[in-house]
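Dumped final19.csv below, it's CSV, C-alpha atoms and all ligand atoms:
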```csv
chain,number,residue,atom,x,y,z
A,1,MET,CA,-84.9,-26.8,20.9
A,2,ILE,CA,-82.6,-25.6,18.1
A,3,SER,CA,-82.2,-22.1,16.8
A,4,PHE,CA,-80.1,-20.3,14.3
A,5,ILE,CA,-79.6,-16.6,13.3
A,6,VAL,CA,-77.3,-15.0,10.8
A,7,HIS,CA,-76.6,-11.5,9.7
A,8,GLY,CA,-75.1,-9.9,6.6
A,9,GLY,CA,-74.2,-6.5,7.8
A,10,ALA,CA,-76.0,-3.3,9.0
A,11,TRP,CA,-75.8,-0.2,6.8
A,12,ASN,CA,-77.9,1.9,4.4
A,13,ILE,CA,-78.3,-1.1,2.0
A,14,PRO,CA,-79.6,0.4,-1.2
A,15,ASN,CA,-82.8,-0.8,-2.8
A,16,ASP,CA,-81.0,-2.5,-5.7
A,17,MET,CA,-78.9,-4.6,-3.3
A,18,ILE,CA,-81.7,-5.8,-1.1
A,19,ASP,CA,-82.3,-9.0,-3.1
A,20,ALA,CA,-78.7,-10.0,-3.1
A,21,HIS,CA,-78.6,-9.6,0.6
A,22,ARG,CA,-81.8,-11.6,1.1
A,23,VAL,CA,-80.5,-14.4,-1.1
A,24,GLY,CA,-77.1,-14.4,0.8
A,25,VAL,CA,-78.5,-14.6,4.3
A,26,THR,CA,-81.2,-17.1,3.3
A,27,SER,CA,-78.6,-19.4,1.8
A,28,ALA,CA,-76.5,-19.1,4.9
A,29,LEU,CA,-79.5,-19.7,7.2
A,30,ARG,CA,-80.5,-22.9,5.3
A,31,ILE,CA,-77.0,-24.4,5.4
A,32,GLY,CA,-76.7,-23.9,9.1
A,33,TRP,CA,-80.3,-25.0,9.8
A,34,LYS,CA,-79.8,-28.2,7.9
A,35,ILE,CA,-76.8,-29.0,10.1
A,36,LEU,CA,-78.7,-28.3,13.3
A,37,GLU,CA,-81.8,-30.2,12.1
A,38,GLY,CA,-79.6,-33.2,11.4
A,39,GLY,CA,-78.3,-33.2,15.0
A,40,GLY,CA,-75.0,-31.3,14.0
A,41,SER,CA,-73.2,-29.0,16.3
A,42,ALA,CA,-73.7,-25.2,16.7
A,43,ILE,CA,-70.0,-24.8,15.8
A,44,ASP,CA,-70.5,-26.6,12.5
A,45,ALA,CA,-73.6,-24.5,11.7
A,46,VAL,CA,-71.8,-21.2,12.4
A,47,GLU,CA,-68.7,-22.1,10.5
A,48,GLN,CA,-70.5,-23.4,7.4
A,49,ALA,CA,-73.0,-20.6,7.3
A,50,ILE,CA,-70.2,-18.0,7.5
A,51,ARG,CA,-68.1,-19.8,4.9
A,52,THR,CA,-71.1,-19.5,2.5
A,53,MET,CA,-71.2,-15.7,3.1
A,54,GLU,CA,-67.4,-15.5,2.8
A,55,GLU,CA,-67.8,-17.1,-0.7
A,56,ASN,CA,-70.6,-14.7,-1.7
A,57,PRO,CA,-69.1,-11.4,-3.1
A,58,THR,CA,-72.2,-9.5,-1.9
A,59,PHE,CA,-70.7,-9.3,1.5
A,60,ASP,CA,-67.6,-7.7,3.0
A,61,ALA,CA,-66.1,-11.0,4.1
A,62,GLY,CA,-63.8,-13.4,2.3
A,63,ARG,CA,-64.1,-12.8,-1.5
A,64,GLY,CA,-65.6,-9.4,-2.2
A,65,SER,CA,-64.2,-7.7,0.8
A,66,PHE,CA,-63.1,-4.1,0.9
A,67,VAL,CA,-59.5,-3.4,-0.2
A,68,ASN,CA,-57.1,-1.7,2.2
A,69,ALA,CA,-55.1,1.4,1.4
A,70,MET,CA,-52.3,-0.8,-0.1
A,71,GLY,CA,-54.8,-2.5,-2.5
A,72,GLU,CA,-54.7,-5.7,-0.5
A,73,ILE,CA,-57.4,-7.7,1.2
A,74,GLU,CA,-56.9,-8.4,4.9
A,75,LEU,CA,-59.5,-10.4,6.7
A,76,ASP,CA,-60.6,-10.7,10.4
A,77,ALA,CA,-62.7,-13.5,11.9
A,78,SER,CA,-63.6,-15.2,15.2
A,79,ILE,CA,-65.6,-18.1,16.5
A,80,MET,CA,-66.5,-19.2,20.0
A,81,ASN,CA,-67.8,-22.3,21.7
A,82,GLY,CA,-70.2,-21.2,24.4
A,83,THR,CA,-70.0,-24.5,26.4
A,84,THR,CA,-66.2,-24.7,26.8
A,85,LEU,CA,-65.5,-20.9,26.2
A,86,ARG,CA,-62.8,-22.0,23.8
A,87,CYS,CA,-62.4,-19.5,21.0
A,88,GLY,CA,-60.3,-18.8,18.0
A,89,ALA,CA,-59.6,-15.8,15.8
A,90,VAL,CA,-57.5,-14.4,13.0
A,91,ALA,CA,-56.7,-10.8,12.3
A,92,SER,CA,-55.2,-9.1,9.2
A,93,VAL,CA,-54.8,-12.4,7.5
A,94,GLN,CA,-54.1,-12.4,3.7
A,95,ASN,CA,-54.4,-15.0,1.0
A,96,ILE,CA,-57.1,-17.0,2.8
A,97,ARG,CA,-60.6,-17.5,1.3
A,98,ASN,CA,-62.3,-18.7,4.5
A,99,PRO,CA,-60.8,-17.1,7.6
A,100,ILE,CA,-63.6,-18.5,9.8
A,101,THR,CA,-62.2,-22.0,9.2
A,102,VAL,CA,-58.7,-20.8,10.2
A,103,ALA,CA,-60.3,-19.3,13.4
A,104,ARG,CA,-62.1,-22.6,14.1
A,105,THR,CA,-58.9,-24.6,13.6
A,106,ILE,CA,-57.0,-22.3,16.0
A,107,MET,CA,-59.7,-22.8,18.6
A,108,GLU,CA,-59.6,-26.6,18.2
A,109,LYS,CA,-56.0,-27.4,17.4
A,110,SER,CA,-53.9,-24.8,19.3
A,111,GLU,CA,-53.6,-23.3,22.7
A,112,ASN,CA,-53.9,-19.8,21.3
A,113,VAL,CA,-56.9,-17.6,20.7
A,114,LEU,CA,-55.8,-15.0,18.1
A,115,LEU,CA,-53.2,-15.3,15.4
A,116,THR,CA,-52.4,-12.4,13.1
A,117,GLY,CA,-51.0,-11.8,9.6
A,118,LEU,CA,-48.2,-14.1,8.5
A,119,GLY,CA,-48.5,-16.3,11.6
A,120,ALA,CA,-52.1,-17.0,10.8
A,121,VAL,CA,-51.2,-18.0,7.2
A,122,ARG,CA,-48.4,-20.2,8.5
A,123,PHE,CA,-50.8,-21.9,10.9
A,124,ALA,CA,-53.4,-22.4,8.1
A,125,LYS,CA,-50.8,-24.0,5.8
A,126,GLU,CA,-49.6,-26.3,8.6
A,127,ASN,CA,-53.1,-27.4,9.1
A,128,GLY,CA,-53.9,-28.1,5.4
A,129,ILE,CA,-56.1,-25.0,4.9
A,130,PRO,CA,-55.7,-23.8,1.3
A,131,THR,CA,-54.2,-20.4,0.5
A,132,CYS,CA,-55.1,-18.2,-2.5
A,133,LYS,CA,-53.8,-15.1,-4.3
A,134,ASN,CA,-54.9,-11.6,-3.2
A,135,ASP,CA,-56.4,-11.2,-6.7
A,136,ASP,CA,-58.6,-14.2,-6.2
A,137,LEU,CA,-60.4,-12.3,-3.3
A,138,ILE,CA,-60.8,-8.9,-5.1
A,139,VAL,CA,-63.9,-8.2,-7.1
A,140,GLY,CA,-64.3,-5.4,-9.7
A,141,ARG,CA,-66.7,-3.4,-7.5
A,142,GLU,CA,-64.2,-3.1,-4.7
A,143,LEU,CA,-61.3,-2.4,-7.1
A,144,GLN,CA,-63.3,0.5,-8.5
A,145,ARG,CA,-64.1,1.7,-5.0
A,146,TRP,CA,-60.4,1.5,-4.0
A,147,LYS,CA,-59.3,3.5,-7.1
A,148,GLN,CA,-61.9,6.2,-6.4
A,149,LEU,CA,-60.7,6.4,-2.7
A,150,GLN,CA,-57.1,6.9,-3.8
A,151,VAL,CA,-58.1,10.2,-5.5
A,152,GLN,CA,-60.3,11.3,-2.7
A,153,LYS,CA,-58.4,13.7,-0.4
A,154,ARG,CA,-60.1,12.7,2.9
A,155,PHE,CA,-62.0,9.6,3.7
A,156,SER,CA,-63.2,8.4,7.1
A,157,ALA,CA,-64.8,5.0,7.5
A,158,LYS,CA,-66.7,6.4,10.5
A,159,ASP,CA,-68.4,9.0,8.3
A,160,ALA,CA,-68.9,6.4,5.6
A,161,PHE,CA,-71.0,4.3,7.9
A,162,LYS,CA,-73.5,7.2,8.0
A,163,GLY,CA,-73.8,7.1,4.2
A,164,THR,CA,-74.0,4.3,1.7
A,165,VAL,CA,-70.6,2.7,2.1
A,166,PRO,CA,-71.3,-1.0,2.8
A,167,SER,CA,-70.7,-2.6,6.2
A,168,ASP,CA,-71.3,-6.1,5.2
A,169,THR,CA,-69.6,-8.0,8.0
A,170,VAL,CA,-71.2,-11.4,8.4
A,171,GLY,CA,-72.0,-13.4,11.5
A,172,ALA,CA,-74.0,-16.3,12.9
A,173,VAL,CA,-75.2,-17.6,16.3
A,174,ALA,CA,-76.6,-21.1,16.8
A,175,LEU,CA,-78.1,-23.2,19.6
A,176,ASP,CA,-77.9,-26.9,19.0
A,177,ALA,CA,-79.8,-29.9,20.3
A,178,ASN,CA,-77.2,-30.4,23.1
A,179,GLY,CA,-77.7,-26.9,24.4
A,180,MET,CA,-74.5,-25.5,23.0
A,181,ILE,CA,-74.5,-21.9,21.8
A,182,ALA,CA,-71.8,-20.9,19.3
A,183,ALA,CA,-71.2,-17.5,17.7
A,184,GLY,CA,-68.9,-16.4,14.9
A,185,THR,CA,-68.2,-13.3,12.8
A,186,SER,CA,-66.1,-12.6,9.7
A,187,THR,CA,-65.2,-9.4,7.9
A,188,GLY,CA,-62.9,-7.6,5.4
A,189,GLY,CA,-63.0,-4.6,7.8
A,190,THR,CA,-63.6,-1.0,6.5
A,191,PRO,CA,-62.9,0.4,3.0
A,192,ASN,CA,-59.4,1.7,2.4
A,193,LYS,CA,-58.4,0.8,6.0
A,194,TYR,CA,-54.8,1.4,7.1
A,195,PRO,CA,-52.8,-1.8,6.6
A,196,GLY,CA,-52.9,-3.8,9.8
A,197,ARG,CA,-56.0,-2.1,11.1
A,198,VAL,CA,-58.0,-4.6,13.1
A,199,GLY,CA,-61.7,-4.1,13.9
A,200,ASP,CA,-64.1,-5.7,16.4
A,201,SER,CA,-64.8,-8.9,14.5
A,202,PRO,CA,-61.8,-11.0,15.6
A,203,LEU,CA,-61.8,-9.6,19.2
A,204,ILE,CA,-63.6,-12.0,21.5
A,205,GLY,CA,-66.1,-9.9,23.6
A,206,CYS,CA,-66.2,-7.1,21.0
A,207,GLY,CA,-67.5,-8.7,17.8
A,208,THR,CA,-68.3,-12.2,19.0
A,209,TYR,CA,-69.2,-13.8,22.3
A,210,ALA,CA,-71.0,-17.0,23.4
A,211,ASP,CA,-71.8,-18.6,26.8
A,212,SER,CA,-74.1,-21.6,26.6
A,213,GLY,CA,-75.5,-20.6,30.0
A,214,ILE,CA,-76.5,-17.1,28.9
A,215,GLY,CA,-76.5,-16.6,25.1
A,216,GLY,CA,-74.5,-15.7,22.0
A,217,VAL,CA,-73.9,-12.5,20.1
A,218,SER,CA,-72.4,-11.5,16.7
A,219,CYS,CA,-71.9,-7.8,15.9
A,220,THR,CA,-71.6,-5.7,12.8
A,221,GLY,CA,-70.9,-2.0,12.3
A,222,TYR,CA,-68.1,0.5,12.8
A,223,GLY,CA,-65.4,-1.6,14.6
A,224,GLU,CA,-63.6,1.3,16.3
A,225,ALA,CA,-66.8,2.2,18.2
A,226,ILE,CA,-67.8,-1.4,18.9
A,227,ILE,CA,-64.4,-2.1,20.5
A,228,LYS,CA,-64.8,0.8,22.8
A,229,VAL,CA,-68.0,-0.5,24.4
A,230,VAL,CA,-67.0,-4.2,24.1
A,231,LEU,CA,-70.4,-4.7,22.5
A,232,ALA,CA,-70.9,-8.5,22.4
A,233,LYS,CA,-69.9,-9.1,26.0
A,234,THR,CA,-71.9,-6.0,27.1
A,235,VAL,CA,-75.0,-7.6,25.7
A,236,ILE,CA,-74.2,-10.9,27.4
A,237,ASP,CA,-73.4,-9.3,30.7
A,238,TYR,CA,-76.6,-7.3,30.6
A,239,MET,CA,-78.6,-10.5,30.2
A,240,GLU,CA,-76.7,-12.3,33.0
A,241,MET,CA,-76.7,-9.4,35.5
A,242,THR,CA,-80.2,-8.0,35.0
A,243,GLY,CA,-82.1,-11.1,33.8
A,244,ALA,CA,-83.3,-9.1,30.8
A,245,ASP,CA,-84.6,-11.0,27.8
A,246,CYS,CA,-82.3,-11.0,24.7
A,247,ALA,CA,-84.4,-8.4,22.8
A,248,THR,CA,-84.0,-5.9,25.7
A,249,ALA,CA,-80.3,-6.7,26.0
A,250,ALA,CA,-79.7,-6.2,22.2
A,251,THR,CA,-81.4,-2.8,22.4
A,252,TYR,CA,-79.4,-1.9,25.5
A,253,GLY,CA,-76.2,-2.7,23.6
A,254,ILE,CA,-77.0,-0.7,20.6
A,255,ASN,CA,-78.2,2.3,22.7
A,256,ARG,CA,-75.0,2.1,24.6
A,257,LEU,CA,-73.0,2.0,21.3
A,258,LYS,CA,-74.8,5.2,20.3
A,259,SER,CA,-74.8,7.1,23.6
A,260,LYS,CA,-71.2,6.3,24.6
A,261,VAL,CA,-69.3,6.6,21.4
A,262,ASP,CA,-71.8,7.7,18.7
A,263,GLY,CA,-71.4,4.3,17.1
A,264,LEU,CA,-73.4,2.7,14.3
A,265,GLY,CA,-74.0,-1.0,14.0
A,266,GLY,CA,-76.1,-4.0,14.8
A,267,VAL,CA,-76.2,-7.2,16.8
A,268,ILE,CA,-77.8,-10.6,16.5
A,269,VAL,CA,-78.5,-12.5,19.8
A,270,LEU,CA,-79.8,-15.9,20.9
A,271,ASP,CA,-80.6,-16.8,24.5
A,272,THR,CA,-80.5,-20.3,26.1
A,273,GLN,CA,-84.1,-20.8,25.0
A,274,GLY,CA,-83.1,-20.2,21.4
A,275,ARG,CA,-85.1,-16.9,21.3
A,276,PRO,CA,-83.6,-14.8,18.5
A,277,SER,CA,-83.3,-11.0,18.6
A,278,VAL,CA,-81.8,-8.3,16.5
A,279,ALA,CA,-81.1,-4.6,17.2
A,280,PHE,CA,-79.5,-2.0,14.9
A,281,ASN,CA,-79.3,1.8,14.5
A,282,THR,CA,-78.4,1.9,10.8
A,283,PRO,CA,-81.1,2.3,8.2
A,284,ARG,CA,-81.1,-1.4,7.4
A,285,MET,CA,-79.6,-4.7,8.5
A,286,ALA,CA,-79.7,-8.0,6.6
A,287,ARG,CA,-80.6,-10.9,8.8
A,288,ALA,CA,-82.4,-14.3,8.8
A,289,TYR,CA,-83.4,-16.7,11.6
A,290,ARG,CA,-85.3,-19.8,12.4
A,291,THR,CA,-86.1,-21.8,15.5
A,292,SER,CA,-87.7,-25.2,16.1
A,293,ALA,CA,-90.8,-23.3,17.4
A,294,MET,CA,-91.3,-21.7,13.9
A,295,ASN,CA,-92.7,-23.2,10.7
A,296,ALA,CA,-90.7,-21.0,8.3
A,297,ASP,CA,-87.6,-18.9,7.9
A,298,VAL,CA,-87.7,-15.2,8.8
A,299,ILE,CA,-85.7,-13.1,6.3
A,300,GLU,CA,-85.4,-9.4,6.8
A,301,VAL,CA,-83.4,-6.6,5.2
A,401,LIG,N1,-67.3,-4.4,12.1
A,401,LIG,C1,-66.3,-4.7,11.2
A,401,LIG,C2,-65.1,-3.8,11.3
A,401,LIG,O1,-65.2,-2.7,11.7
A,401,LIG,O2,-64.1,-4.2,10.9
```
What's the structure tokens form of this structure?
Ligand code: GLY
Amino acid sequence: MISFIVHGGAWNIPNDMIDAHRVGVTSALRIGWKILEGGGSAIDAVEQAIRTMEENPTFDAGRGSFVNAMGEIELDASIMNGTTLRCGAVASVQNIRNPITVARTIMEKSENVLLTGLGAVRFAKENGIPTCKNDDLIVGRELQRWKQLQVQKRFSAKDAFKGTVPSDTVGAVALDANGMIAAGTSTGGTPNKYPGRVGDSPLIGCGTYADSGIGGVSCTGYGEAIIKVVLAKTVIDYMEMTGADCATAATYGINRLKSKVDGLGGVIVLDTQGRPSVAFNTPRMARAYRTSAMNADVIEV
């Protein structure tokens, strides 16, 4: 059994952006699926699918991310191997196109889990991962948004999540032929964020979690709320402790996000049988999945 699921954010995706989201998650799904079909590892599938979405300016990850209050792009990402429980993450990293690859390299080549800012860039350079200019990551749409936000007196990312401000964090969860579940998440965070602000995505247990004996989860939504309910691990713990199926656990997690901290967001989940599930409490969520029990991709926005 192999199975793969990706997401491209949960928010009020406007009608004129649905196609771009469909194309983006479809392309990420196919890249990961091809790796799994060829006998590749869940970690490779997750990393490569997320890299594709980091390169796609539709999403708030890698190039195309939101700009912080200083006009800079700071990226967060994490990845986890559910068989070894090894994990790696970067937070507030600048001048990197593919933070998910730095996160994977930290997981595989260091004893650390999370590196931030300049330390993460130093580690990337030491390990031959290319750096880039801040301007290489900024797209015109986000420069305009940033300029508008500088003249706006008050702006709250929390309120923005209720409207049409994008929350295009990306993520993926894979089950490979060896029974390994891996999960990963990558984001530019929230629009006009305070410099150094870190959301849920690079925090293991909050934005990402995988345990090959239980399942894997990647989250999207308002990070400050997701952190408070440790959303990814909450979903995993619910499956383990109650024996609930992953759809029930995903819904439990999102209900808890809402009831405890009035949070908005979404989760993708796989269980050990490769059953995919999705839950969200935003108007829309971009996602795509496929399992070896299915004849075609499922793409939904
Ligand atoms: N969920 C992404 C963030 O809040 O940074």
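Counting all atoms listed in the file, the residue from A:Thr282, A:Thr272, A:Thr242, A:Ser167 that sits nearest to Gly64 (chain A) is A:Ser167.
Each of A:Asp76, A:Glu54, A:Asp237, A:Asp271 was checked against Leu203 (chain A) using all atoms listed in the file; the smallest atom-to-atom distance is that of A:Asp76.
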Shell around Glu72 (chain A) at 7 Å using all atoms listed in the file, local window under 4 positions removed, as a PyMOL selection string: chain A and resi 67-68+134
Within 6 Å of ligand LIG 401 (chain A) (all atoms listed in the file), residues as a PyMOL selection string: chain A and resi 169+187+189-190+199-201+220-223
Protein/DNA/RNA residues near (-51.8, -20.2, 20.2), cut 12 Å, all atoms listed in the file, as number ranges by chain: A: 86-90, 103, 105-116, 119-120, 123
Go ahead and save the residues from that selection, with C-alpha atoms, as a short mmCIF file (atom, residue, chain, number, x, y, z; two decimals), keeping the file's coordinate frame.
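Output contents, as saved in part.cif:
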```cif
data_model
loop_
_atom_site.label_atom_id
_atom_site.label_comp_id
_atom_site.auth_asym_id
_atom_site.auth_seq_id
_atom_site.Cartn_x
_atom_site.Cartn_y
_atom_site.Cartn_z
CA ARG A 86 -62.80 -22.00 23.80
CA CYS A 87 -62.40 -19.50 21.00
CA GLY A 88 -60.30 -18.80 18.00
CA ALA A 89 -59.60 -15.80 15.80
CA VAL A 90 -57.50 -14.40 13.00
CA ALA A 103 -60.30 -19.30 13.40
CA THR A 105 -58.90 -24.60 13.60
CA ILE A 106 -57.00 -22.30 16.00
CA MET A 107 -59.70 -22.80 18.60
CA GLU A 108 -59.60 -26.60 18.20
CA LYS A 109 -56.00 -27.40 17.40
CA SER A 110 -53.90 -24.80 19.30
CA GLU A 111 -53.60 -23.30 22.70
CA ASN A 112 -53.90 -19.80 21.30
CA VAL A 113 -56.90 -17.60 20.70
CA LEU A 114 -55.80 -15.00 18.10
CA LEU A 115 -53.20 -15.30 15.40
CA THR A 116 -52.40 -12.40 13.10
CA GLY A 119 -48.50 -16.30 11.60
CA ALA A 120 -52.10 -17.00 10.80
CA PHE A 123 -50.80 -21.90 10.90
#
```
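For the set A:Ala247, A:Val217, A:Val25, A:Ala177, the residue with the smallest atom-to-atom gap to Gly40 (chain A) is A:Ala177, counting all atoms listed in the file.
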Each residue of region 25-85 of chain A lying at most 10 Å from region 191-194 of chain A should get a row with its shortest atom-to-atom pair and the distance in Å to one decimal, counting all atoms listed in the file; could you produce that, ordered by chain and increasing number, as a Markdown table?
```
| residue | atom | partner | partner_atom | distance |
| --- | --- | --- | --- | --- |
| A:Asp60 | CA | A:Pro191 | CA | 9.4 |
| A:Ser65 | CA | A:Pro191 | CA | 8.5 |
| A:Phe66 | CA | A:Pro191 | CA | 5.0 |
| A:Val67 | CA | A:Asn192 | CA | 5.7 |
| A:Asn68 | CA | A:Asn192 | CA | 4.1 |
| A:Ala69 | CA | A:Asn192 | CA | 4.4 |
| A:Met70 | CA | A:Asn192 | CA | 7.9 |
| A:Gly71 | CA | A:Asn192 | CA | 7.9 |
| A:Glu72 | CA | A:Asn192 | CA | 9.2 |
| A:Ile73 | CA | A:Asn192 | CA | 9.7 |
| A:Glu74 | CA | A:Lys193 | CA | 9.4 |
```
Interatomic distance, CA of Arg275 (chain A) to CA of Thr248 (chain A) (Å, one decimal):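 CA of Thr248 (chain A) lies 11.9 Å from CA of Arg275 (chain A).
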Residue neighbourhood Thr84 (chain A), 10 Å, all atoms listed in the file, exclusion window fewer than 6 positions, as a PyMOL selection string: chain A and resi 180+210-212
Expected file contents, prior selection, C-alpha atoms, as an mmCIF file, in the coordinates of the input:
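Printed below is again35.cif as written:
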```cif
data_model
loop_
_atom_site.group_PDB
_atom_site.id
_atom_site.type_symbol
_atom_site.label_atom_id
_atom_site.label_comp_id
_atom_site.auth_asym_id
_atom_site.auth_seq_id
_atom_site.Cartn_x
_atom_site.Cartn_y
_atom_site.Cartn_z
ATOM 1 C CA MET A 180 -74.500 -25.500 23.000
ATOM 2 C CA ALA A 210 -71.000 -17.000 23.400
ATOM 3 C CA ASP A 211 -71.800 -18.600 26.800
ATOM 4 C CA SER A 212 -74.100 -21.600 26.600
#
```
Among listed residues A:Arg63, A:Lys260, A:Arg104, A:Arg97, nearest Ser78 (chain A) (using only C-alpha atoms):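 When distances to Ser78 (chain A) are compared using only C-alpha atoms, the smallest one comes from A:Arg104.
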Among the residues A:Gly140, A:Pro195, A:Gly128, A:Gly24, the one that comes closest to Ala91 (chain A) [using all atoms listed in the file]: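 Selected residue with least distance to Ala91 (chain A): A:Pro195.
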Exercise: Val46 (chain A) partners within 7 Å, only C-alpha atoms, chain neighbours under 2 positions left out, as a PyMOL selection string: chain A and resi 32+42-44+48-50+172-174+182-184
Distance in Å - CA of Glu224 (chain A) versus CA of Asp19 (chain A):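 Between these atoms lies a distance of 28.8 Å.
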Spatial neighbours of Lys233 (chain A), max dist 10 Å, all atoms listed in the file, sep filter under 3 positions, as an MDAnalysis selection string: chainID A and resid 204:211 216:218 229:230 236:239 253
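Taking CA of Leu257 (chain A) as the reference point, CA of Phe59 (chain A) is found at 22.9 Å.
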Point (-79.3, -4.3, 1.6), cut-off 12 Å, counting only C-alpha atoms, residues as a PyMOL selection string: chain A and resi 7-25+58-59+164-168+282-287+299-301
Nearest candidate to Arg197 (chain A) (options A:Leu75, A:Ala244, A:Ile96, A:Leu85; using only C-alpha atoms):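 Looking only at the distances to Arg197 (chain A), the closest residue turns out to be A:Leu75.
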